[in-house]
2 protein chains.
Amino acid sequence: MQTQPLKLPDAVQVVNVGLSLFGDAVRSQGAAAVDVDWRIPAGGRPDLVRALQQLYGPSGARIDAANSEALRRIDEGLPLLTAVATMRDVVPGIDQRTILHCGPALGWPEFCDPLRRSVRAAVIAEGWATNPDAAERLLSTGGVRLDAANDHDVVVPMATAIGPSAPVLVVDNERGGNRAFSSLNQGPGKVAWFGVDSPEAVDRLVWLRDIAAPVLAAALRRSGPVDIFSLVAQGVQMGDDVHMRTQATTNLLLRHLLPHLVRVDSPDLPAVSDFLSANHLFFLNLAMAGAKAVAEWASGVRDSSIVVGMARNGTTFGIRVSGLGGRWFITSAPPVGQALYYSGYGPETSAPDIGDSAVLELVGLGGAAAAASPAVASFVGGTMADAVATTLRMDHICAGRSTRFKLPALGFRGTPIGVDVRRVVELEITPAVNTGILHASDGSGQVGAGIAQAPIACFQEAMLALRDHVG
Amino acid sequence: MQTQPLKLPDAVQVVNVGLSLFGDAVRSQGAAAVDVDWRIPAGGRPDLVRALQQLYGPSGARIDAANSEALRRIDEGLPLLTAVATMRDVVPGIDQRTILHCGPALGWPEFCDPLRRSVRAAVIAEGWATNPDAAERLLSTGGVRLDAANDHDVVVPMATAIGPSAPVLVVDNERGGNRAFSSLNQGPGKVAWFGVDSPEAVDRLVWLRDIAAPVLAAALRRSGPVDIFSLVAQGVQMGDDVHMRTQATTNLLLRHLLPHLVRVDSPDLPAVSDFLSANHLFFLNLAMAGAKAVAEWASGVRDSSIVVGMARNGTTFGIRVSGLGGRWFITSAPPVGQALYYSGYGPETSAPDIGDSAVLELVGLGGAAAAASPAVASFVGGTMADAVATTLRMDHICAGRSTRFKLPALGFRGTPIGVDVRRVVELEITPAVNTGILHASDGSGQVGAGIAQAPIACFQEAMLALRDHVG
């Protein structure tokens, strides 16, 4: 054999996988390098990597098929607002002394300050106590049954708590044969859903029940069912992410209700109109009930790894996965990052992430629809490119795209829907949740808004449970 | 001297000015070439080039200073809706038998079919004739004074024509101490502003006058003045170009009016609410009156080359330039290009460009705000990039940018305002006008919508007149 002289190539073409450092070194010497964004799956945790191998490998086809069905339900569910009714009359499993609250179920001692205040306000509104101290005594002695709204097909935003006499929005998803509910949005100011238990906050709850709800119920009876996601689809074309911002959808609803409202024969119509006109978050609760209706329909699909529940109570953060039915996977509630605060407030005065509104992020709204919303852009960096990046990040962990919520900035493609717990764990990317921020302790209500990143631990735990269940 | 041998360069770097053909030839041989988009100014017409030399050269500084003032007025004018009133009571220069119509003034024989029909409908609504034939006889024998709405501080959309008894929106621009007006939008369907003269179209005019106007006037008295451009600025963030699409701005107005409407004590309130709820173009006329108010304020600035009027009547197209006061420069109305037609209709059945709404394009709305509007995108190519290109094209011929109408897709920069007649002539780029399309002859009303390119001839004529005036 003849020995060939070593010949170096004239040029190299470099593909750099993982850390950009090596590519940077090549580039600094004047050569080209293509970076491939690669990280060790699931942070390299052996148990998670083994579970991923199972869930993408031998069980992968079965899970993908199940996910297709869950996605279909999220995408095709047709939630209609059919009534405004009293909670005890329509919500299943409510006995006389029940308060439903946001987030996973929790013992009273663990409740965060804003939610404590909101529950006390609800107790007073129900007439079970006359002031916050009396309410606190009743609650701390077990005189009230506390339960997670989510476990009764109800979703409530921020620190909302509601009792049996509270009015609820009734949403029917005929295609799924299921029903979901939300409270009436309490509007801006010193209100219980922002963690306020002042007399004025209690008055608002009573006013919503005794004054607003009958007028709205009458208008809705005249109007007939309202197709919630039809309004949402239009709102996404009009700058709403339909979570942090619901101004366009609220206005669309008001335009729809106007002819019916003016025909309601009630001396309270002017006051209710004042309230509706001044509350650009009125649609939020309606969108949430719609999202809950389709997410519940998508729940319980055998083997599906799609997340169908995501809720926070300011203390804990919980998710539910379709193939694992009603089971919650719970970890601590995170702080809200990427936040803008009202003057004089900051992270140190803020309660952790709170509310059931994160269900919106599971059905293609909120963070998933950030690219639709100039208003959200200001929270994620200031430009529409930043808002688009927030949506694209959700793409990585979602299994499908909405066929009805379209993003103009991305060529009218659909928003990402169907968070796949496998992808969350593999990529260590959790859903971005557009949300408000409440004061941690002094009952002063909302102090800002921002983007919360869901904590990874509950997704990891859920995925391991799914592996056990499927495997 | 020693002769050097000819040495060709190893590589060439090519900058290609003008036609891309030469650059293409270089690129086809594997070399790089940068194209500079350059064309002969004003198409090389010697009289125009000489005028441009004068207006950019010796007179340039004076014109630029004047334009700054005109721009300031367009950008800072604060038009407020202050009343709904009867035209003869508020619009100057209306005698008993006057009909105001869109576009430049015109002799009755020259009126296009849709505008003829609309004028006849207005004559019947005024009670001067009982049917279209009788109205036609009255009009063709000079029994009615016809005048351009624009010349009375009034602007009206599409083929609108209004008589002395018609209701008008009264808009006050306190900063400029001037006032502008528009008609009430007549809504969708078989209506006079779309060129229909059926009994049903006449009924709508009578209904607007006798039923809708009193209710709206009463609601507005309760509400107090409405800041039109505040709603417009919000609407631009919500997908309105505020010309072809005014859904968001209409909804914002309805939300504002809701508490006042429900307090109006009138048996007609339900019917008026039905009309408002079903008419997403209701805000169009209000936006136009606002635009007219600031454009009129910007008119009459000595030496300014800013276009302050642009209107069409389906026969002629006219503009006015600030430094030349009230004088119109007129040419034939163009067809509407880049159009989407209702099924069964097309260019051959369509009337030329019509209406006063092009005033919106002069103040940063309509085509200038295309980049804000997913709905407009479908008319200019289908993607938001196409809509952005429409706005960027307006940049070339505008002297400034709005400080209040912001474009999310372009980093929240302002929409282009202040069309400079010099730039239009130099670059041969005319304003893009987002508009509806009417049937040419059969009275069937709207048949589509699209983008009209303003004709260049009237801009050329106006610029030559400005040269004579300034020079």
# chains A, B, ... in the order shown; residues from 1 in each chain; ligands from 1

call {"tool": "calpha_fit_rmsd", "arguments": {"fixed": "chain A", "moving": "chain B"}}
result
0.2 Å

call {"tool": "interface_residues", "arguments": {"of": "chain A", "to": "chain B", "cutoff": "9 Å", "atoms": "only C-alpha atoms", "output": "PyMOL selection string"}}
result
chain A and resi 235+237-240+248+251-252+254-263+269-278+373-375+377+382-385+408-412

call {"tool": "write_last_selection", "arguments": {"atoms": "N, CA and C atoms", "output": "tab-separated table (two decimals), in the first residue's frame"}}
result
chain	number	residue	atom	x	y	z
A	235	GLY	N	-62.60	38.49	17.10
A	235	GLY	CA	-61.78	39.28	18.02
A	235	GLY	C	-60.29	39.09	17.79
A	237	GLN	N	-58.92	38.67	14.97
A	237	GLN	CA	-58.60	39.54	13.83
A	237	GLN	C	-58.57	41.01	14.23
A	238	MET	N	-58.98	41.30	15.46
A	238	MET	CA	-59.13	42.69	15.90
A	238	MET	C	-58.26	42.98	17.12
A	239	GLY	N	-57.15	42.27	17.22
A	239	GLY	CA	-56.16	42.62	18.23
A	239	GLY	C	-56.35	42.02	19.61
A	240	ASP	N	-57.35	41.18	19.79
A	240	ASP	CA	-57.49	40.50	21.08
A	240	ASP	C	-56.67	39.22	21.09
A	248	ALA	N	-62.08	43.85	21.94
A	248	ALA	CA	-62.80	43.69	20.67
A	248	ALA	C	-63.95	42.70	20.82
A	251	ASN	N	-66.76	44.24	22.78
A	251	ASN	CA	-67.53	45.17	21.95
A	251	ASN	C	-68.41	44.42	20.95
A	252	LEU	N	-67.90	43.33	20.40
A	252	LEU	CA	-68.72	42.53	19.49
A	252	LEU	C	-69.94	41.98	20.22
A	254	LEU	N	-71.36	43.31	22.90
A	254	LEU	CA	-72.27	44.42	23.20
A	254	LEU	C	-73.06	44.82	21.95
A	255	ARG	N	-72.38	44.85	20.80
A	255	ARG	CA	-73.11	45.17	19.57
A	255	ARG	C	-74.21	44.14	19.33
A	256	HIS	N	-73.87	42.87	19.59
A	256	HIS	CA	-74.88	41.82	19.41
A	256	HIS	C	-76.04	41.99	20.40
A	257	LEU	N	-75.71	42.34	21.64
A	257	LEU	CA	-76.76	42.41	22.68
A	257	LEU	C	-77.58	43.69	22.62
A	258	LEU	N	-77.03	44.75	22.01
A	258	LEU	CA	-77.69	46.06	22.04
A	258	LEU	C	-79.19	46.01	21.74
A	259	PRO	N	-79.60	45.41	20.61
A	259	PRO	CA	-81.04	45.42	20.31
A	259	PRO	C	-81.87	44.67	21.36
A	260	HIS	N	-81.27	43.69	22.01
A	260	HIS	CA	-81.99	42.91	23.01
A	260	HIS	C	-82.01	43.64	24.35
A	261	LEU	N	-80.89	44.25	24.70
A	261	LEU	CA	-80.84	45.02	25.95
A	261	LEU	C	-81.90	46.12	25.96
A	262	VAL	N	-81.99	46.87	24.86
A	262	VAL	CA	-82.92	48.02	24.89
A	262	VAL	C	-84.37	47.58	24.99
A	263	ARG	N	-84.64	46.31	24.72
A	263	ARG	CA	-86.01	45.80	24.82
A	263	ARG	C	-86.31	45.18	26.19
A	269	LEU	N	-81.89	48.75	33.69
A	269	LEU	CA	-81.17	48.71	32.42
A	269	LEU	C	-80.09	49.79	32.30
A	270	PRO	N	-80.38	51.04	32.68
A	270	PRO	CA	-79.31	52.05	32.55
A	270	PRO	C	-78.06	51.69	33.36
A	271	ALA	N	-78.23	51.28	34.60
A	271	ALA	CA	-77.06	50.97	35.43
A	271	ALA	C	-76.29	49.78	34.86
A	272	VAL	N	-77.01	48.79	34.39
A	272	VAL	CA	-76.33	47.62	33.81
A	272	VAL	C	-75.59	48.02	32.52
A	273	SER	N	-76.19	48.90	31.76
A	273	SER	CA	-75.53	49.39	30.54
A	273	SER	C	-74.26	50.17	30.89
A	274	ASP	N	-74.33	50.96	31.94
A	274	ASP	CA	-73.13	51.68	32.39
A	274	ASP	C	-72.01	50.69	32.70
A	275	PHE	N	-72.37	49.64	33.43
A	275	PHE	CA	-71.38	48.62	33.82
A	275	PHE	C	-70.78	47.94	32.59
A	276	LEU	N	-71.63	47.52	31.67
A	276	LEU	CA	-71.14	46.81	30.48
A	276	LEU	C	-70.24	47.72	29.65
A	277	SER	N	-70.65	48.96	29.51
A	277	SER	CA	-69.90	49.89	28.67
A	277	SER	C	-68.52	50.18	29.24
A	278	ALA	N	-68.38	50.06	30.56
A	278	ALA	CA	-67.12	50.42	31.21
A	278	ALA	C	-66.25	49.21	31.54
A	373	SER	N	-52.00	40.28	18.82
A	373	SER	CA	-52.37	41.35	19.74
A	373	SER	C	-51.29	42.40	19.98
A	374	PRO	N	-51.48	43.59	19.40
A	374	PRO	CA	-50.56	44.70	19.69
A	374	PRO	C	-50.50	45.00	21.19
A	375	ALA	N	-51.62	44.82	21.90
A	375	ALA	CA	-51.63	45.12	23.32
A	375	ALA	C	-50.74	44.16	24.09
A	377	ALA	N	-48.17	42.69	22.83
A	377	ALA	CA	-46.78	42.94	22.42
A	377	ALA	C	-46.02	43.77	23.44
A	382	GLY	N	-42.32	44.58	23.27
A	382	GLY	CA	-42.65	45.87	22.69
A	382	GLY	C	-42.99	45.84	21.21
A	383	THR	N	-42.48	44.84	20.48
A	383	THR	CA	-42.76	44.80	19.04
A	383	THR	C	-43.66	43.62	18.70
A	384	MET	N	-44.28	43.71	17.53
A	384	MET	CA	-45.11	42.59	17.09
A	384	MET	C	-44.24	41.35	16.87
A	385	ALA	N	-42.96	41.55	16.53
A	385	ALA	CA	-42.06	40.40	16.38
A	385	ALA	C	-41.95	39.63	17.69
A	408	PRO	N	-53.33	37.03	11.46
A	408	PRO	CA	-52.97	37.82	10.27
A	408	PRO	C	-51.45	37.94	10.09
A	409	ALA	N	-50.73	38.15	11.21
A	409	ALA	CA	-49.29	38.38	11.12
A	409	ALA	C	-48.53	37.14	10.67
A	410	LEU	N	-49.17	35.98	10.70
A	410	LEU	CA	-48.51	34.74	10.26
A	410	LEU	C	-49.27	34.14	9.08
A	411	GLY	N	-49.62	35.00	8.12
A	411	GLY	CA	-50.26	34.51	6.91
A	411	GLY	C	-51.60	33.85	7.16
A	412	PHE	N	-52.28	34.27	8.22
A	412	PHE	CA	-53.61	33.75	8.56
A	412	PHE	C	-53.60	32.26	8.92

call {"tool": "select_by_dssp", "arguments": {"residues": "range 195-358 of chain B", "states": "strand (DSSP E)", "output": "VMD selection string"}}
result
chain B and resid 226 to 227 307 to 313 316 to 321 329 to 332 337 to 341 354 to 355

call {"tool": "atom_distance", "arguments": {"atom1": "CA of His469 in chain A", "atom2": "CA of Gly300 in chain A"}}
result
12.7 Å

call {"tool": "residues_around", "arguments": {"residues": "Ile306 in chain B", "least_positions_apart": "5", "cutoff": "6 Å", "atoms": "only C-alpha atoms", "output": "tab-separated table (two decimals) with N, CA and C atoms, in the first residue's frame"}}
result
chain	number	residue	atom	x	y	z
B	321	VAL	N	-55.47	71.52	-3.40
B	321	VAL	CA	-54.15	71.65	-2.78
B	321	VAL	C	-54.18	72.83	-1.83
B	322	SER	N	-53.57	72.64	-0.66
B	322	SER	CA	-53.66	73.63	0.41
B	322	SER	C	-53.31	75.05	-0.06
B	418	GLY	N	-50.52	63.57	4.80
B	418	GLY	CA	-50.10	64.76	4.05
B	418	GLY	C	-49.54	64.42	2.69
B	419	VAL	N	-50.41	64.10	1.74
B	419	VAL	CA	-49.95	63.79	0.38
B	419	VAL	C	-49.40	65.08	-0.25
B	420	ASP	N	-48.15	65.02	-0.70
B	420	ASP	CA	-47.46	66.17	-1.30
B	420	ASP	C	-47.59	66.05	-2.82

call {"tool": "select_by_dssp", "arguments": {"residues": "range 201-356 of chain B", "states": "helix (DSSP H, G or I)", "output": "tab-separated table (two decimals) with C-alpha atoms, in the first residue's frame"}}
result
chain	number	residue	atom	x	y	z
B	201	ALA	CA	-84.32	53.20	-0.54
B	202	VAL	CA	-86.44	56.35	-0.17
B	203	ASP	CA	-88.07	54.89	2.95
B	204	ARG	CA	-84.63	54.44	4.48
B	205	LEU	CA	-83.83	58.12	3.94
B	206	VAL	CA	-87.12	59.16	5.54
B	207	TRP	CA	-86.60	56.72	8.41
B	208	LEU	CA	-83.10	58.04	9.08
B	209	ARG	CA	-84.46	61.58	9.19
B	210	ASP	CA	-87.65	61.03	11.17
B	211	ILE	CA	-86.75	58.07	13.40
B	212	ALA	CA	-83.02	57.48	13.73
B	213	ALA	CA	-81.76	61.06	13.85
B	214	PRO	CA	-83.87	62.18	16.83
B	215	VAL	CA	-82.80	59.14	18.87
B	216	LEU	CA	-79.13	59.61	17.98
B	217	ALA	CA	-79.33	63.34	18.66
B	218	ALA	CA	-80.82	62.68	22.08
B	219	ALA	CA	-78.19	60.06	22.94
B	220	LEU	CA	-75.43	62.41	21.84
B	221	ARG	CA	-76.84	65.27	23.94
B	222	ARG	CA	-76.58	62.96	26.95
B	223	SER	CA	-73.11	61.72	26.05
B	228	ILE	CA	-63.64	60.91	16.84
B	229	PHE	CA	-59.92	60.43	16.33
B	230	SER	CA	-59.50	58.84	19.77
B	231	LEU	CA	-61.85	56.08	18.60
B	232	VAL	CA	-60.07	55.98	15.24
B	233	ALA	CA	-56.68	55.57	16.91
B	234	GLN	CA	-58.02	52.60	18.86
B	235	GLY	CA	-59.71	51.18	15.78
B	236	VAL	CA	-56.42	51.20	13.86
B	247	GLN	CA	-66.19	47.55	12.33
B	248	ALA	CA	-63.94	48.11	15.36
B	249	THR	CA	-64.53	51.86	15.40
B	250	THR	CA	-68.29	51.38	15.00
B	251	ASN	CA	-68.28	48.95	17.92
B	252	LEU	CA	-66.24	51.36	20.04
B	253	LEU	CA	-68.80	54.06	19.29
B	254	LEU	CA	-71.70	51.75	20.16
B	255	ARG	CA	-70.03	50.80	23.43
B	256	HIS	CA	-69.64	54.50	24.19
B	257	LEU	CA	-73.25	55.31	23.24
B	258	LEU	CA	-74.86	52.30	24.96
B	259	PRO	CA	-75.46	53.95	28.37
B	260	HIS	CA	-76.85	57.05	26.68
B	261	LEU	CA	-79.02	55.21	24.17
B	269	LEU	CA	-85.16	53.16	20.45
B	270	PRO	CA	-85.46	49.43	19.65
B	271	ALA	CA	-85.64	49.99	15.89
B	272	VAL	CA	-82.72	52.42	15.97
B	273	SER	CA	-80.72	49.93	18.03
B	274	ASP	CA	-81.46	47.23	15.47
B	275	PHE	CA	-80.14	49.51	12.74
B	276	LEU	CA	-76.99	50.45	14.64
B	277	SER	CA	-76.24	46.86	15.60
B	282	PHE	CA	-71.92	53.46	10.72
B	283	PHE	CA	-68.62	55.01	11.79
B	284	LEU	CA	-67.46	55.59	8.20
B	285	ASN	CA	-69.32	58.90	7.83
B	286	LEU	CA	-68.13	60.05	11.22
B	287	ALA	CA	-64.51	59.32	10.36
B	288	MET	CA	-64.97	61.17	7.07
B	289	ALA	CA	-66.38	64.25	8.81
B	290	GLY	CA	-63.41	64.14	11.19
B	291	ALA	CA	-61.00	63.88	8.26
B	292	LYS	CA	-62.76	66.74	6.46
B	293	ALA	CA	-62.49	68.92	9.57
B	294	VAL	CA	-58.72	68.56	9.82
B	295	ALA	CA	-58.18	68.68	6.04
B	296	GLU	CA	-60.16	71.94	5.81
B	297	TRP	CA	-58.12	73.39	8.64
B	322	SER	CA	-53.66	73.63	0.41
B	323	GLY	CA	-51.71	76.53	-1.11
B	324	LEU	CA	-54.30	76.95	-3.85
B	347	PRO	CA	-65.45	45.39	-14.00
B	348	GLU	CA	-67.83	45.58	-16.98
B	349	THR	CA	-70.87	46.14	-14.74

call {"tool": "closest_residue", "arguments": {"among": "A:Val421, A:Ala148, A:Ala66, A:Ala61", "to": "Ala105 in chain A", "atoms": "only C-alpha atoms"}}
result
A:Ala148

call {"tool": "closest_residue", "arguments": {"among": "A:Ala389, A:Leu106, A:Val242, A:Ile40", "to": "Asp147 in chain A", "atoms": "only C-alpha atoms"}}
result
A:Leu106

call {"tool": "closest_residue", "arguments": {"among": "B:Ile330, B:Ile124, B:Leu184, B:Val36", "to": "Ser20 in chain B", "atoms": "only C-alpha atoms"}}
result
B:Val36

call {"tool": "atom_distance", "arguments": {"atom1": "CA of Leu438 in chain A", "atom2": "CA of Ala462 in chain A"}}
result
28.4 Å

call {"tool": "residues_around", "arguments": {"residues": "Ala31 in chain A", "least_positions_apart": "5", "cutoff": "10 Å", "atoms": "only C-alpha atoms", "output": "PyMOL selection string"}}
result
chain A and resi 11-14+23-26

call {"tool": "write_last_selection", "arguments": {"atoms": "C-alpha atoms", "output": "PDB file, in the first residue's frame"}}
result
ATOM      1  CA  ALA A  11     -12.726  24.815   2.894  1.00  0.00           C
ATOM      2  CA  VAL A  12     -14.933  23.320   5.591  1.00  0.00           C
ATOM      3  CA  GLN A  13     -18.671  23.392   5.918  1.00  0.00           C
ATOM      4  CA  VAL A  14     -19.710  23.304   9.565  1.00  0.00           C
ATOM      5  CA  GLY A  23     -20.188  27.560  15.813  1.00  0.00           C
ATOM      6  CA  ASP A  24     -19.148  30.974  17.085  1.00  0.00           C
ATOM      7  CA  ALA A  25     -15.514  29.870  17.154  1.00  0.00           C
ATOM      8  CA  VAL A  26     -15.713  28.756  13.530  1.00  0.00           C
TER       9      VAL A  26
END

call {"tool": "atom_distance", "arguments": {"atom1": "CA of Ile451 in chain B", "atom2": "CA of Pro335 in chain B"}}
result
9.4 Å

call {"tool": "closest_residue", "arguments": {"among": "B:Gln29, B:Asp35, B:Pro92, B:Arg401", "to": "Asn16 in chain B", "atoms": "only C-alpha atoms"}}
result
B:Asp35

call {"tool": "closest_residue", "arguments": {"among": "B:Arg467, B:Arg97, B:Arg62, B:His152", "to": "Trp128 in chain B", "atoms": "only C-alpha atoms"}}
result
B:Arg97

call {"tool": "residues_around", "arguments": {"residues": "range 340-342 of chain B", "least_positions_apart": "2", "cutoff": "7 Å", "atoms": "only C-alpha atoms", "output": "mmCIF file with C-alpha atoms, in the first residue's frame"}}
result
data_model
loop_
_atom_site.group_PDB
_atom_site.id
_atom_site.type_symbol
_atom_site.label_atom_id
_atom_site.label_comp_id
_atom_site.auth_asym_id
_atom_site.auth_seq_id
_atom_site.Cartn_x
_atom_site.Cartn_y
_atom_site.Cartn_z
ATOM 1 C CA GLY B 344 -72.055 37.542 -11.005
ATOM 2 C CA TYR B 345 -70.487 41.015 -11.170
ATOM 3 C CA GLY B 346 -67.238 42.350 -12.586
ATOM 4 C CA PHE B 379 -58.032 43.124 -1.413
ATOM 5 C CA VAL B 447 -71.366 44.908 -6.343
ATOM 6 C CA GLY B 448 -67.900 44.725 -4.769
ATOM 7 C CA ALA B 449 -65.015 46.570 -3.157
ATOM 8 C CA GLY B 450 -61.435 47.273 -4.096
#

call {"tool": "residues_around", "arguments": {"residues": "Thr160 in chain B", "least_positions_apart": "5", "cutoff": "7 Å", "atoms": "only C-alpha atoms", "output": "PyMOL selection string"}}
result
chain B and resi 101-102+118+192-193

call {"tool": "residues_around", "arguments": {"residues": "Val123 in chain B", "least_positions_apart": "3", "cutoff": "8 Å", "atoms": "only C-alpha atoms", "output": "list in words"}}
result
Ile99, Val119, Arg120, Glu126, Gly127, Trp128, Ala129, Ala135 and Gly163 of chain B
